[in-house]
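To be precise, the following lines are final-v4.cif, and they hold mmCIF, C-alpha atoms and all ligand atoms.
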```
data_protein
#
loop_
_atom_site.label_atom_id
_atom_site.label_comp_id
_atom_site.auth_asym_id
_atom_site.auth_seq_id
_atom_site.Cartn_x
_atom_site.Cartn_y
_atom_site.Cartn_z
CA MET A 283 47.13 80.04 7.31
CA LYS A 284 47.43 76.60 5.73
CA PHE A 285 49.10 75.89 2.41
CA GLY A 286 48.55 72.59 0.57
CA GLY A 287 50.88 70.59 -1.64
CA THR A 288 50.56 72.55 -4.88
CA SER A 289 51.02 75.81 -2.95
CA VAL A 290 54.47 74.65 -1.72
CA ALA A 291 55.38 72.55 -4.77
CA ASN A 292 58.84 74.12 -5.27
CA ILE A 293 61.08 76.86 -3.88
CA GLU A 294 59.46 79.58 -5.97
CA ARG A 295 56.01 78.57 -4.69
CA ILE A 296 57.36 78.59 -1.13
CA ARG A 297 58.65 82.14 -1.67
CA ASN A 298 55.16 83.02 -2.88
CA VAL A 299 53.72 81.61 0.36
CA ALA A 300 56.12 83.84 2.29
CA ARG A 301 54.58 86.82 0.48
CA HIS A 302 51.09 85.80 1.61
CA VAL A 303 52.33 85.45 5.18
CA LYS A 304 54.07 88.82 5.01
CA ARG A 305 50.83 90.50 3.93
CA GLU A 306 48.97 89.24 6.99
CA ARG A 307 51.84 90.02 9.35
CA ASP A 308 52.19 93.53 7.90
CA ALA A 309 48.47 93.95 8.58
CA GLY A 310 49.30 93.42 12.26
CA TYR A 311 48.40 89.76 12.75
CA ASP A 312 50.42 87.12 14.53
CA VAL A 313 50.58 84.18 12.16
CA ALA A 314 50.81 80.42 12.54
CA VAL A 315 51.30 78.68 9.19
CA VAL A 316 50.62 75.01 8.58
CA VAL A 317 52.22 73.43 5.52
CA SER A 318 51.72 70.22 3.58
CA ALA A 319 54.48 68.29 1.83
CA MET A 320 55.38 69.38 -1.70
CA SER A 321 52.76 67.98 -4.10
CA GLY A 322 53.44 64.37 -5.04
CA LYS A 323 55.85 63.91 -2.14
CA THR A 324 53.53 61.98 0.17
CA ASN A 325 52.57 59.61 -2.65
CA GLU A 326 56.26 59.03 -3.34
CA LEU A 327 56.95 58.29 0.33
CA VAL A 328 54.00 55.90 0.55
CA GLY A 329 55.35 54.19 -2.58
CA TRP A 330 58.77 53.74 -0.98
CA VAL A 331 57.18 52.17 2.09
CA THR A 332 55.18 49.61 0.12
CA GLU A 333 58.15 48.89 -2.16
CA THR A 334 60.33 48.14 0.85
CA SER A 335 57.90 45.93 2.70
CA LYS A 336 54.61 44.25 1.86
CA PHE A 337 54.05 43.81 5.58
CA TYR A 338 52.24 46.97 6.77
CA GLU A 339 54.04 48.39 9.82
CA PRO A 340 52.00 51.48 10.75
CA ARG A 341 54.58 53.14 13.05
CA GLU A 342 57.33 53.06 10.44
CA TYR A 343 54.84 54.07 7.74
CA ASP A 344 54.16 57.21 9.78
CA ALA A 345 57.87 57.82 10.46
CA VAL A 346 58.46 57.87 6.71
CA VAL A 347 55.40 59.68 5.35
CA ALA A 348 55.51 62.45 7.99
CA SER A 349 58.90 63.55 6.64
CA GLY A 350 57.53 65.50 3.65
CA GLU A 351 56.04 68.12 5.95
CA GLN A 352 59.26 68.41 7.96
CA VAL A 353 61.04 69.56 4.78
CA THR A 354 58.51 72.23 3.77
CA SER A 355 58.18 73.63 7.29
CA GLY A 356 61.95 74.20 7.45
CA LEU A 357 62.07 75.66 3.95
CA LEU A 358 59.22 78.11 4.58
CA ALA A 359 60.84 79.27 7.85
CA LEU A 360 64.02 79.93 5.87
CA ALA A 361 62.14 81.76 3.09
CA LEU A 362 60.42 83.98 5.68
CA ARG A 363 63.73 84.83 7.33
CA GLU A 364 65.12 85.67 3.89
CA ALA A 365 62.23 88.10 3.56
CA GLY A 366 63.18 89.68 6.89
CA ILE A 367 60.45 88.01 8.95
CA PRO A 368 61.39 86.18 12.17
CA ALA A 369 60.14 82.60 11.93
CA ARG A 370 60.83 79.08 13.13
CA SER A 371 59.65 75.62 12.16
CA TRP A 372 57.67 73.35 14.50
CA GLN A 373 57.24 69.59 14.10
CA GLY A 374 54.09 67.99 15.48
CA TRP A 375 55.97 66.43 18.43
CA GLN A 376 57.59 69.74 19.34
CA ILE A 377 54.34 71.66 19.85
CA PRO A 378 53.12 68.99 20.78
CA ILE A 379 50.07 67.96 18.76
CA ARG A 380 48.99 64.89 20.71
CA THR A 381 47.04 62.15 18.97
CA ASN A 382 45.79 58.66 19.72
CA ASP A 383 47.88 55.72 18.48
CA GLN A 384 45.84 54.89 15.40
CA HIS A 385 48.84 55.23 13.11
CA GLY A 386 48.05 56.26 9.55
CA SER A 387 44.74 57.89 10.52
CA ALA A 388 45.32 59.19 14.03
CA ARG A 389 42.91 61.61 15.72
CA ILE A 390 44.12 64.75 17.43
CA GLU A 391 43.51 64.68 21.19
CA SER A 392 45.08 68.00 22.17
CA VAL A 393 47.22 70.82 20.84
CA ASP A 394 49.41 72.83 23.21
CA GLY A 395 49.38 76.39 21.92
CA ALA A 396 51.71 77.82 24.63
CA GLY A 397 54.97 77.60 22.67
CA LEU A 398 53.44 79.16 19.58
CA ILE A 399 51.90 81.99 21.59
CA ASP A 400 55.21 82.58 23.33
CA GLY A 401 56.80 83.02 19.88
CA PHE A 402 54.12 85.59 19.02
CA SER A 403 55.33 87.73 21.93
CA ARG A 404 58.53 88.12 19.87
CA ARG A 405 56.45 88.62 16.70
CA GLU A 406 57.81 85.31 15.41
CA VAL A 407 55.86 83.41 12.75
CA ALA A 408 55.26 79.74 13.67
CA VAL A 409 55.69 77.42 10.69
CA ILE A 410 54.08 74.10 11.53
CA ALA A 411 54.48 70.74 9.79
CA GLY A 412 50.94 69.62 8.98
CA PHE A 413 49.62 66.05 8.86
CA GLN A 414 51.67 64.86 11.85
CA GLY A 415 51.41 64.48 15.59
CA VAL A 416 52.79 62.36 18.37
CA HIS A 417 51.35 59.58 20.50
CA GLN A 418 52.37 60.59 23.99
CA ALA A 419 52.68 57.21 25.73
CA SER A 420 54.88 55.66 23.03
CA GLY A 421 56.52 58.91 21.94
CA ARG A 422 56.05 57.88 18.32
CA ILE A 423 55.21 60.07 15.35
CA THR A 424 51.69 59.67 13.98
CA THR A 425 49.95 60.94 10.84
CA LEU A 426 46.36 62.09 10.51
CA GLY A 427 45.27 60.37 7.29
CA ARG A 428 45.54 61.69 3.75
CA GLY A 429 44.68 65.35 3.45
CA GLY A 430 45.29 65.70 7.19
CA SER A 431 47.09 69.05 7.09
CA ASP A 432 43.67 70.70 6.85
CA THR A 433 42.84 69.19 10.23
CA SER A 434 46.21 70.23 11.69
CA ALA A 435 45.44 73.80 10.65
CA VAL A 436 41.95 73.99 12.11
CA ALA A 437 43.07 72.30 15.35
CA VAL A 438 45.97 74.73 15.76
CA ALA A 439 43.64 77.66 15.02
CA ALA A 440 41.32 76.44 17.79
CA ALA A 441 44.23 75.95 20.23
CA ILE A 442 45.59 79.48 19.80
CA ASN A 443 42.16 81.09 19.57
CA ALA A 444 42.86 82.36 16.08
CA GLU A 445 40.65 85.03 14.60
CA ARG A 446 40.32 82.87 11.50
CA CYS A 447 41.79 79.89 9.66
CA ASP A 448 42.53 80.36 5.95
CA ILE A 449 43.04 77.16 3.97
CA TYR A 450 45.00 78.12 0.84
CA THR A 451 44.84 75.72 -2.09
CA ASP A 452 44.86 75.65 -5.90
CA VAL A 453 41.22 76.74 -6.29
CA ASP A 454 39.72 79.98 -5.00
CA GLY A 455 37.07 78.41 -2.81
CA VAL A 456 34.55 75.63 -2.44
CA TYR A 457 32.58 75.04 -5.63
CA THR A 458 29.19 73.49 -6.31
CA THR A 459 31.17 70.49 -7.57
CA ASP A 460 34.77 69.71 -8.50
CA PRO A 461 35.62 72.54 -10.94
CA ARG A 462 38.10 70.22 -12.70
CA ILE A 463 35.24 67.97 -13.80
CA VAL A 464 32.53 70.57 -14.39
CA PRO A 465 33.77 73.85 -15.88
CA LYS A 466 30.33 75.34 -15.14
CA ALA A 467 30.78 74.77 -11.39
CA ARG A 468 30.15 77.90 -9.33
CA ARG A 469 32.19 79.17 -6.40
CA MET A 470 30.12 79.55 -3.24
CA GLU A 471 30.44 82.61 -1.02
CA ARG A 472 29.43 80.51 1.97
CA VAL A 473 28.71 76.88 2.68
CA ALA A 474 27.13 75.40 5.80
CA PHE A 475 29.20 73.13 8.07
CA GLU A 476 26.75 70.24 7.61
CA GLU A 477 26.86 70.51 3.84
CA MET A 478 30.65 70.78 3.79
CA LEU A 479 30.87 67.72 6.04
CA GLU A 480 28.72 65.71 3.64
CA MET A 481 30.53 67.01 0.56
CA ALA A 482 33.92 66.12 2.05
CA SER A 483 32.86 62.67 3.21
CA LEU A 484 31.16 61.94 -0.12
CA GLY A 485 34.33 62.62 -2.09
CA ALA A 486 35.04 66.38 -2.45
CA LYS A 487 38.72 66.33 -1.48
CA VAL A 488 39.00 70.08 -1.01
CA LEU A 489 38.89 69.67 2.80
CA GLN A 490 39.57 66.64 4.98
CA VAL A 491 36.34 65.57 6.71
CA ARG A 492 37.91 65.81 10.18
CA SER A 493 38.92 69.42 9.61
CA VAL A 494 35.28 70.38 9.05
CA GLU A 495 34.24 68.55 12.21
CA VAL A 496 36.88 70.34 14.26
CA ALA A 497 35.90 73.72 12.75
CA MET A 498 32.24 73.07 13.55
CA VAL A 499 32.83 71.90 17.13
CA HIS A 500 35.32 74.65 18.02
CA LYS A 501 33.60 77.38 16.01
CA VAL A 502 36.70 78.19 13.98
CA LYS A 503 35.98 80.75 11.27
CA THR A 504 37.40 78.83 8.29
CA PHE A 505 37.88 80.02 4.72
CA VAL A 506 39.02 78.13 1.61
CA ARG A 507 40.99 80.42 -0.72
CA SER A 508 43.66 80.43 -3.41
CA SER A 509 47.42 80.84 -3.02
CA PHE A 510 47.65 81.37 -6.79
CA GLU A 511 46.18 84.86 -6.77
CA ASP A 512 48.19 88.07 -6.34
CA PRO A 513 49.62 87.85 -2.79
CA ALA A 514 49.04 91.60 -2.45
CA ASN A 515 45.32 91.34 -3.07
CA PRO A 516 43.73 87.87 -2.91
CA SER A 517 39.96 87.30 -2.90
CA PRO A 518 38.38 86.14 0.36
CA GLY A 519 37.35 82.65 -0.82
CA THR A 520 34.54 80.58 0.68
CA LEU A 521 33.50 80.79 4.32
CA ILE A 522 32.38 77.61 6.07
CA CYS A 523 29.71 78.73 8.51
CA ASP A 524 26.48 77.97 10.35
CA GLU A 525 23.40 77.29 8.27
CA GLU A 526 21.66 80.32 9.84
CA ASP A 527 24.34 82.63 8.44
CA ILE A 528 23.43 81.81 4.85
CA LEU A 529 20.66 83.94 3.44
CA GLU A 530 19.88 82.40 0.09
CA GLN A 531 19.44 78.68 0.52
CA GLN A 532 19.01 76.36 -2.43
CA VAL A 533 17.51 72.89 -2.17
CA VAL A 534 20.65 71.24 -3.56
CA THR A 535 23.90 73.14 -3.01
CA GLY A 536 26.52 70.70 -4.23
CA ILE A 537 27.31 67.51 -6.13
CA ALA A 538 30.12 65.23 -5.01
CA PHE A 539 31.49 61.97 -6.32
CA SER A 540 33.75 59.24 -5.07
CA ARG A 541 35.62 56.75 -7.24
CA ASP A 542 36.86 54.90 -4.20
CA GLU A 543 33.94 52.46 -4.11
CA ALA A 544 33.44 48.75 -4.67
CA GLN A 545 30.23 46.77 -4.90
CA ILE A 546 29.72 43.27 -3.54
CA THR A 547 26.65 41.12 -4.20
CA LEU A 548 25.91 37.88 -2.38
CA ARG A 549 23.49 35.69 -4.34
CA ARG A 550 20.91 33.39 -2.83
CA VAL A 551 21.57 33.98 0.82
CA ALA A 552 19.17 32.18 3.17
CA ASP A 553 16.21 34.49 3.89
CA LYS A 554 16.03 34.11 7.67
CA PRO A 555 16.77 36.14 10.82
CA GLY A 556 20.45 36.71 11.62
CA VAL A 557 21.80 36.58 8.09
CA ALA A 558 22.55 40.30 7.79
CA ALA A 559 24.32 40.14 11.15
CA GLY A 560 26.30 37.14 9.89
CA ILE A 561 27.51 39.14 6.89
CA PHE A 562 28.11 42.59 8.33
CA GLY A 563 29.38 41.50 11.77
CA PRO A 564 32.68 40.05 10.49
CA LEU A 565 33.20 43.05 8.19
CA ALA A 566 32.67 45.45 11.09
CA ASP A 567 35.05 43.43 13.27
CA ALA A 568 37.67 43.88 10.57
CA GLY A 569 37.10 47.65 10.60
CA ILE A 570 35.59 47.69 7.11
CA ASN A 571 33.04 50.44 6.54
CA VAL A 572 29.93 49.27 4.73
CA ASP A 573 27.97 52.03 3.05
CA MET A 574 25.02 51.33 0.74
CA ILE A 575 23.03 48.17 1.46
CA ILE A 576 20.26 46.64 -0.64
CA GLN A 577 18.39 43.49 0.24
CA VAL A 578 16.02 42.09 -2.34
CA VAL A 579 12.66 40.76 -1.20
CA SER A 580 12.66 37.12 -2.17
CA ASP A 581 9.93 35.42 -4.21
CA ASP A 582 10.20 32.09 -2.54
CA ALA A 583 10.89 33.24 1.05
CA GLN A 584 13.83 30.83 0.94
CA THR A 585 16.72 32.89 -0.38
CA THR A 586 17.50 36.53 -1.10
CA ASP A 587 20.26 38.65 -2.70
CA ILE A 588 22.21 41.25 -0.72
CA THR A 589 24.24 44.03 -2.37
CA PHE A 590 26.44 46.53 -0.55
CA THR A 591 29.42 48.80 -1.05
CA VAL A 592 32.79 49.04 0.71
CA PRO A 593 35.72 51.42 0.11
CA GLY A 594 37.62 50.40 -3.03
CA ALA A 595 40.79 49.88 -1.02
CA GLU A 596 39.00 47.33 1.21
CA PHE A 597 37.49 45.29 -1.62
CA ASP A 598 39.96 42.40 -1.56
CA ARG A 599 39.94 42.17 2.21
CA ALA A 600 36.12 42.21 2.36
CA LYS A 601 35.93 39.50 -0.29
CA SER A 602 38.32 37.19 1.50
CA ILE A 603 36.52 37.68 4.82
CA LEU A 604 33.20 36.73 3.21
CA GLU A 605 34.77 33.77 1.46
CA GLY A 606 36.16 32.69 4.83
CA HIS A 607 32.63 32.77 6.27
CA LYS A 608 30.96 31.10 3.29
CA ASP A 609 29.88 28.05 5.28
CA LEU A 610 28.21 30.14 7.96
CA ILE A 611 26.54 32.71 5.70
CA ALA A 612 25.63 30.04 3.12
CA TYR A 613 25.44 32.08 -0.07
CA ALA A 614 25.47 30.60 -3.57
CA SER A 615 27.92 33.05 -5.15
CA LEU A 616 29.78 36.29 -4.58
CA GLN A 617 30.01 38.94 -7.28
CA GLY A 618 32.07 42.12 -7.11
CA ALA A 619 32.66 45.27 -9.13
CA THR A 620 35.25 47.99 -8.66
CA ASP A 621 34.53 50.06 -11.78
CA VAL A 622 31.74 51.89 -9.96
CA VAL A 623 31.39 55.44 -8.65
CA LYS A 624 29.11 57.02 -6.07
CA VAL A 625 27.57 60.33 -7.11
CA SER A 626 25.81 62.38 -4.42
CA ALA A 627 23.70 65.51 -4.20
CA ILE A 628 23.84 67.52 -0.97
CA GLY A 629 21.70 70.30 0.45
CA VAL A 630 20.12 71.21 3.77
CA GLY A 631 17.05 72.29 1.77
CA MET A 632 16.24 68.60 1.19
CA ARG A 633 14.90 68.45 4.74
CA SER A 634 11.89 70.47 3.69
CA HIS A 635 11.44 69.51 0.03
CA ALA A 636 9.94 66.25 -1.28
CA GLY A 637 10.82 64.54 -4.55
CA VAL A 638 14.34 65.94 -4.86
CA ALA A 639 15.93 62.55 -5.50
CA ALA A 640 13.12 61.37 -7.77
CA ARG A 641 13.95 64.15 -10.23
CA ALA A 642 17.53 62.90 -10.36
CA PHE A 643 16.50 59.31 -11.09
CA ARG A 644 14.39 60.55 -14.01
CA ALA A 645 17.18 62.77 -15.39
CA LEU A 646 19.77 60.00 -15.15
CA ALA A 647 17.43 57.52 -16.83
CA ASP A 648 16.90 59.97 -19.69
CA LYS A 649 20.68 59.95 -20.22
CA GLY A 650 20.78 56.15 -20.17
CA VAL A 651 22.65 55.97 -16.87
CA ASN A 652 21.78 52.80 -14.96
CA ILE A 653 21.59 53.05 -11.17
CA ARG A 654 23.04 50.11 -9.22
CA ALA A 655 22.21 51.26 -5.70
CA ILE A 656 20.69 54.24 -3.89
CA THR A 657 20.96 55.65 -0.39
CA THR A 658 19.32 58.69 1.09
CA SER A 659 19.54 60.59 4.33
CA GLU A 660 18.21 63.88 5.62
CA ILE A 661 20.39 66.23 3.57
CA LYS A 662 21.79 64.06 0.76
CA PHE A 663 21.20 61.16 -1.57
CA SER A 664 23.71 59.01 -3.40
CA VAL A 665 23.54 56.75 -6.44
CA LEU A 666 26.04 54.07 -7.38
CA ILE A 667 26.67 53.94 -11.14
CA ASP A 668 29.20 52.57 -13.64
CA ALA A 669 32.42 54.59 -13.49
CA GLU A 670 32.31 55.41 -17.21
CA TYR A 671 29.26 57.62 -16.60
CA THR A 672 30.80 59.70 -13.81
CA GLU A 673 31.18 62.97 -15.67
CA LEU A 674 27.87 62.64 -17.49
CA ALA A 675 26.03 61.98 -14.23
CA VAL A 676 27.74 64.78 -12.28
CA ARG A 677 27.07 67.29 -15.06
CA THR A 678 23.46 66.14 -15.47
CA LEU A 679 22.69 66.61 -11.77
CA HIS A 680 24.59 69.89 -11.64
CA THR A 681 22.40 71.29 -14.43
CA LEU A 682 19.20 69.69 -13.10
CA TYR A 683 19.44 71.49 -9.75
CA GLY A 684 20.25 74.86 -11.30
CA LEU A 685 23.86 74.97 -10.15
CA ASP A 686 25.49 75.84 -13.49
CA LYS A 687 27.31 79.15 -13.72
CA THR A 688 25.36 81.56 -15.90
P1 LIG B 1 45.72 70.85 -1.26
O1 LIG B 1 46.92 70.14 -1.79
O2 LIG B 1 45.86 72.33 -1.28
O3 LIG B 1 45.27 70.32 0.06
P2 LIG B 1 43.65 69.30 -2.57
O4 LIG B 1 44.04 68.70 -3.87
O5 LIG B 1 43.63 68.43 -1.38
O6 LIG B 1 44.56 70.59 -2.33
O7 LIG B 1 42.20 69.98 -2.70
C1 LIG B 1 41.93 70.91 -3.73
C2 LIG B 1 41.25 70.22 -4.90
O8 LIG B 1 39.97 69.76 -4.50
C3 LIG B 1 40.95 71.13 -6.08
O9 LIG B 1 42.04 71.21 -6.96
C4 LIG B 1 39.72 70.49 -6.72
O10 LIG B 1 40.04 69.76 -7.88
C5 LIG B 1 39.23 69.49 -5.67
N1 LIG B 1 37.79 69.62 -5.40
C6 LIG B 1 36.92 68.57 -5.35
N2 LIG B 1 35.69 69.00 -5.10
C7 LIG B 1 35.76 70.35 -4.97
C8 LIG B 1 34.79 71.38 -4.69
N3 LIG B 1 33.49 71.09 -4.49
N4 LIG B 1 35.22 72.66 -4.62
C9 LIG B 1 36.51 72.96 -4.80
N5 LIG B 1 37.47 72.05 -5.08
C10 LIG B 1 37.11 70.75 -5.15
N1 LIG B 2 50.78 65.57 2.61
C1 LIG B 2 49.64 64.86 3.14
C2 LIG B 2 48.88 64.18 2.02
O1 LIG B 2 49.27 64.28 0.87
C3 LIG B 2 48.75 65.72 3.97
C4 LIG B 2 48.10 66.87 3.25
O2 LIG B 2 48.52 67.22 2.14
O3 LIG B 2 47.16 67.44 3.79
O4 LIG B 2 47.92 63.51 2.28
MG MG B 3 44.20 68.59 0.63
#
```

Could I get this file's structure written as structure tokens?
Ligand code: ADP
Ligand code: ASP
Ligand code: MG
Amino acid sequence: MKFGGTSVANIERIRNVARHVKRERDAGYDVAVVVSAMSGKTNELVGWVTETSKFYEPREYDAVVASGEQVTSGLLALALREAGIPARSWQGWQIPIRTNDQHGSARIESVDGAGLIDGFSRREVAVIAGFQGVHQASGRITTLGRGGSDTSAVAVAAAINAERCDIYTDVDGVYTTDPRIVPKARRMERVAFEEMLEMASLGAKVLQVRSVEVAMVHKVKTFVRSSFEDPANPSPGTLICDEEDILEQQVVTGIAFSRDEAQITLRRVADKPGVAAGIFGPLADAGINVDMIIQVVSDDAQTTDITFTVPGAEFDRAKSILEGHKDLIAYASLQGATDVVKVSAIGVGMRSHAGVAARAFRALADKGVNIRAITTSEIKFSVLIDAEYTELAVRTLHTLYGLDKT
């Protein structure tokens, strides 16, 4: 069982979590619980780090931001004991959850389930601090990237061979799009791993991308469900499962959007071999992910324009790298925009249907939404548009593909 920030936001909410745990334990299960920090806590901790030092020191960043989960794991263990249930807290390093040393976005390498399973022999509930691990060689605390408690939960479930992994949050499942933006969004009974992976990586924050990968690789039966329903009788939520286990398949199953995008355009770049490598090589070396790329065919065969997107948080860094290489790349000017959003439609049915994206371009044009860039792949397409049209575009596509709740 995993409980996110809003589910452990205060002591009363933590007591409510204890009731959910009690239900499962009373039903005869051994339970490992993974908790996030209280909602808002991690942002506050990150704020303290940046306020203290402009110089990014990843090991101390992790030492600070991992602390929110230490608090909630201890508090939930106490609340369970108050309710008469034996329980203890576990920090990432105590289990241990071993990760690589990529502080701030570390990847889990192994989880030792032995201590947790030993506790089960005494019918003790294991309350685990999510989001954190330890790098073995240095002995230092690591964190798994924002939203990483989801990944902690699925990885622990795999390590202890759990019957299932329930991710409790503030919505009762995975929806066809963010229900906070589109009230007509529909809850899905089931969603395929591949679709969930795309939805998460294209902006649907309901699950961390890595958690879906781990669930898919280790075949962990994972549900998304609500902690805000009656703890005595909650609904099952949404199951993330294999494509073959979904009977009714629609062409498009979900719409996602990401505001964390920035667009860069280089004007009048020399139109000759090696130029794209000259631009994207240095960005790759700096670890900057480039997403959509458009190169215009030039009239004169002398120069061309290249447009691409990078994560919003990397915009300034990307710009200064390109400015540093201006002599080599030889472009006339650099233009950038951060008030852009990427809206995507996802569905495994796109593999076998033509013209799915074309319908979207028509519908968006009819609403006066200008498209700045497009990318497509086997089971999704994305358009980059002005941020002010986000809700209009998401709602338009949601209706277009028949996803609205009736
Ligand atoms: P937690 O703190 O429990 O980890 P998150 O805020 O990380 O919760 O994730 C839950 C939120 O994800 C929901 O409140 C919802 O607004 C958002 N969300 C975005 N896209 C979707 C979607 N397709 N289905 C469900 N929720 C979504
Ligand atoms: N508390 C961490 C965050 O806010 C991890 C999580 O909630 O999953 O990103
Ligand atoms: Mg989350």

At a cut-off of 9 Å around ligand LIG 1 (chain B), and using only C-alpha atoms and all ligand atoms, what residues come up? Please write them as a PyMOL selection string. chain A and resi 284-290+318-321+428-432+449-463+467-470+478+481-482+485-490+506+508-509+536-539

A:Ala300, A:Val578, A:Leu666, A:Val592 ranked by distance to Val622 of chain A, top pick (using only C-alpha atoms):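 Among A:Ala300, A:Val578, A:Leu666, A:Val592, it is A:Leu666 that comes nearest to Val622 of chain A.
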
Distance atom CA of Gln418 of chain A-atom CA of Trp372 of chain A, one decimal place?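 Atom CA of Gln418 of chain A sits 16.8 Å away from atom CA of Trp372 of chain A.
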
Go ahead and fit an axis-aligned box to every listed atom of segment 450-457 of chain A plus 4 Å each side, and pass me the centre and edge lengths in Å, one decimal, as JSON.
```
{"center_x": 38.8, "center_y": 77.5, "center_z": -2.7, "size_x": 20.4, "size_y": 12.9, "size_z": 15.1}
```

Near-Val630 of chain A list (10 Å; only C-alpha atoms; drop same-chain fewer than 2 positions) as a PyMOL selection string: chain A and resi 474+476-477+525+531-535+628+632-635+660-662

Which residue out of A:Leu565, A:Leu398, A:Leu604, A:Val407 has the minimum interatomic distance to Arg307 of chain A when only C-alpha atoms are used?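 Among the listed residues, the smallest separation from Arg307 of chain A belongs to A:Val407.
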
Can you tell me, as a ChimeraX atom specification, what residues are no more than 10 Å from segment 345-355 of chain A when counting only C-alpha atoms, ignoring any on the same chain fewer than 5 positions away? /A:287,290-293,296,315-331,340,360-361,370-374,385-386,408-415,422-426,431

Ref. answer, residues at most 9 Å from (23.9, 55.8, -1.2) with only C-alpha atoms, as an NGL selection string: :A and (573-575 or 591 or 624-626 or 655-659 or 662-666)

Restricting it to C-alpha atoms, dump the selection as a compact mmCIF listing (two decimals), in the frame of the given file.
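Okay, this is what ended up in out.txt:
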```txt
# COMPACT_ATOMS: atom_id res chain seq x y z
CA ASP A 573 27.97 52.03 3.05
CA MET A 574 25.02 51.33 0.74
CA ILE A 575 23.03 48.17 1.46
CA THR A 591 29.42 48.80 -1.05
CA LYS A 624 29.11 57.02 -6.07
CA VAL A 625 27.57 60.33 -7.11
CA SER A 626 25.81 62.38 -4.42
CA ALA A 655 22.21 51.26 -5.70
CA ILE A 656 20.69 54.24 -3.89
CA THR A 657 20.96 55.65 -0.39
CA THR A 658 19.32 58.69 1.09
CA SER A 659 19.54 60.59 4.33
CA LYS A 662 21.79 64.06 0.76
CA PHE A 663 21.20 61.16 -1.57
CA SER A 664 23.71 59.01 -3.40
CA VAL A 665 23.54 56.75 -6.44
CA LEU A 666 26.04 54.07 -7.38
```

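Reported to one decimal place, the separation of atom CA of Ile653 of chain A from atom CA of Leu479 of chain A is 24.4 Å.
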
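Interatomic distance, atom CA of Lys466 of chain A to atom CA of Leu679 of chain A: 12.1 Å.
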
Nearby residues (only C-alpha atoms) at most 9 Å from Ala439 of chain A, same-chain spacing under 5 positions excluded, as a PDB file with C-alpha atoms, in the coordinates of the input:
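Output contents, as saved in out-v6.pdb:
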```pdb
ATOM      1  CA  MET A 283      47.130  80.040   7.310  1.00  0.00           C
ATOM      2  CA  ALA A 314      50.810  80.420  12.540  1.00  0.00           C
ATOM      3  CA  SER A 434      46.210  70.230  11.690  1.00  0.00           C
ATOM      4  CA  ALA A 444      42.860  82.360  16.080  1.00  0.00           C
ATOM      5  CA  GLU A 445      40.650  85.030  14.600  1.00  0.00           C
ATOM      6  CA  ARG A 446      40.320  82.870  11.500  1.00  0.00           C
ATOM      7  CA  CYS A 447      41.790  79.890   9.660  1.00  0.00           C
ATOM      8  CA  ALA A 497      35.900  73.720  12.750  1.00  0.00           C
ATOM      9  CA  VAL A 502      36.700  78.190  13.980  1.00  0.00           C
TER      10      VAL A 502
END
```

Ranking A:Ala440, A:Val393, A:Ser493, A:Asp567 by minimum distance to ligand MG 3 (chain B) and counting all atoms listed in the file, which one comes first? A:Ser493

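Comparing A:Ser387, A:Thr547, A:Thr672, A:Asn382 by their smallest distance to Tyr613 of chain A, the closest is A:Thr547 (using only C-alpha atoms).
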
Give me the residues within 7 Å of Ala552 of chain A as number ranges by chain, counting only C-alpha atoms and dropping any in the same chain fewer than 2 places off. A: 550, 554, 584-586, 612

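Closest to ligand LIG 2 (chain B) among A:Gly569, A:Pro465, A:Gly427, A:Gly606 is A:Gly427, based on only C-alpha atoms and all ligand atoms.
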
Which of these residues is nearest to ligand MG 3 (chain B), using only C-alpha atoms and all ligand atoms: A:Ile561, A:Ala435, A:Val499, A:Ala669?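 Checking each of A:Ile561, A:Ala435, A:Val499, A:Ala669 against ligand MG 3 (chain B), counting only C-alpha atoms and all ligand atoms, the winner is A:Ala435.
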
If we count all atoms listed in the file and set the cut-off at 12 Å, which residues sit around Asp648 of chain A, ignoring sequence neighbours fewer than 3 positions away in its own chain? Please answer as a list in words.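 Neighbouring residues, sequence-local ones excluded: Arg641, Ala642, Phe643, Arg644, Ala645, Val651, Asn652, Ile653, Leu674, Ala675, Thr678, Leu679 and Leu682 of chain A.
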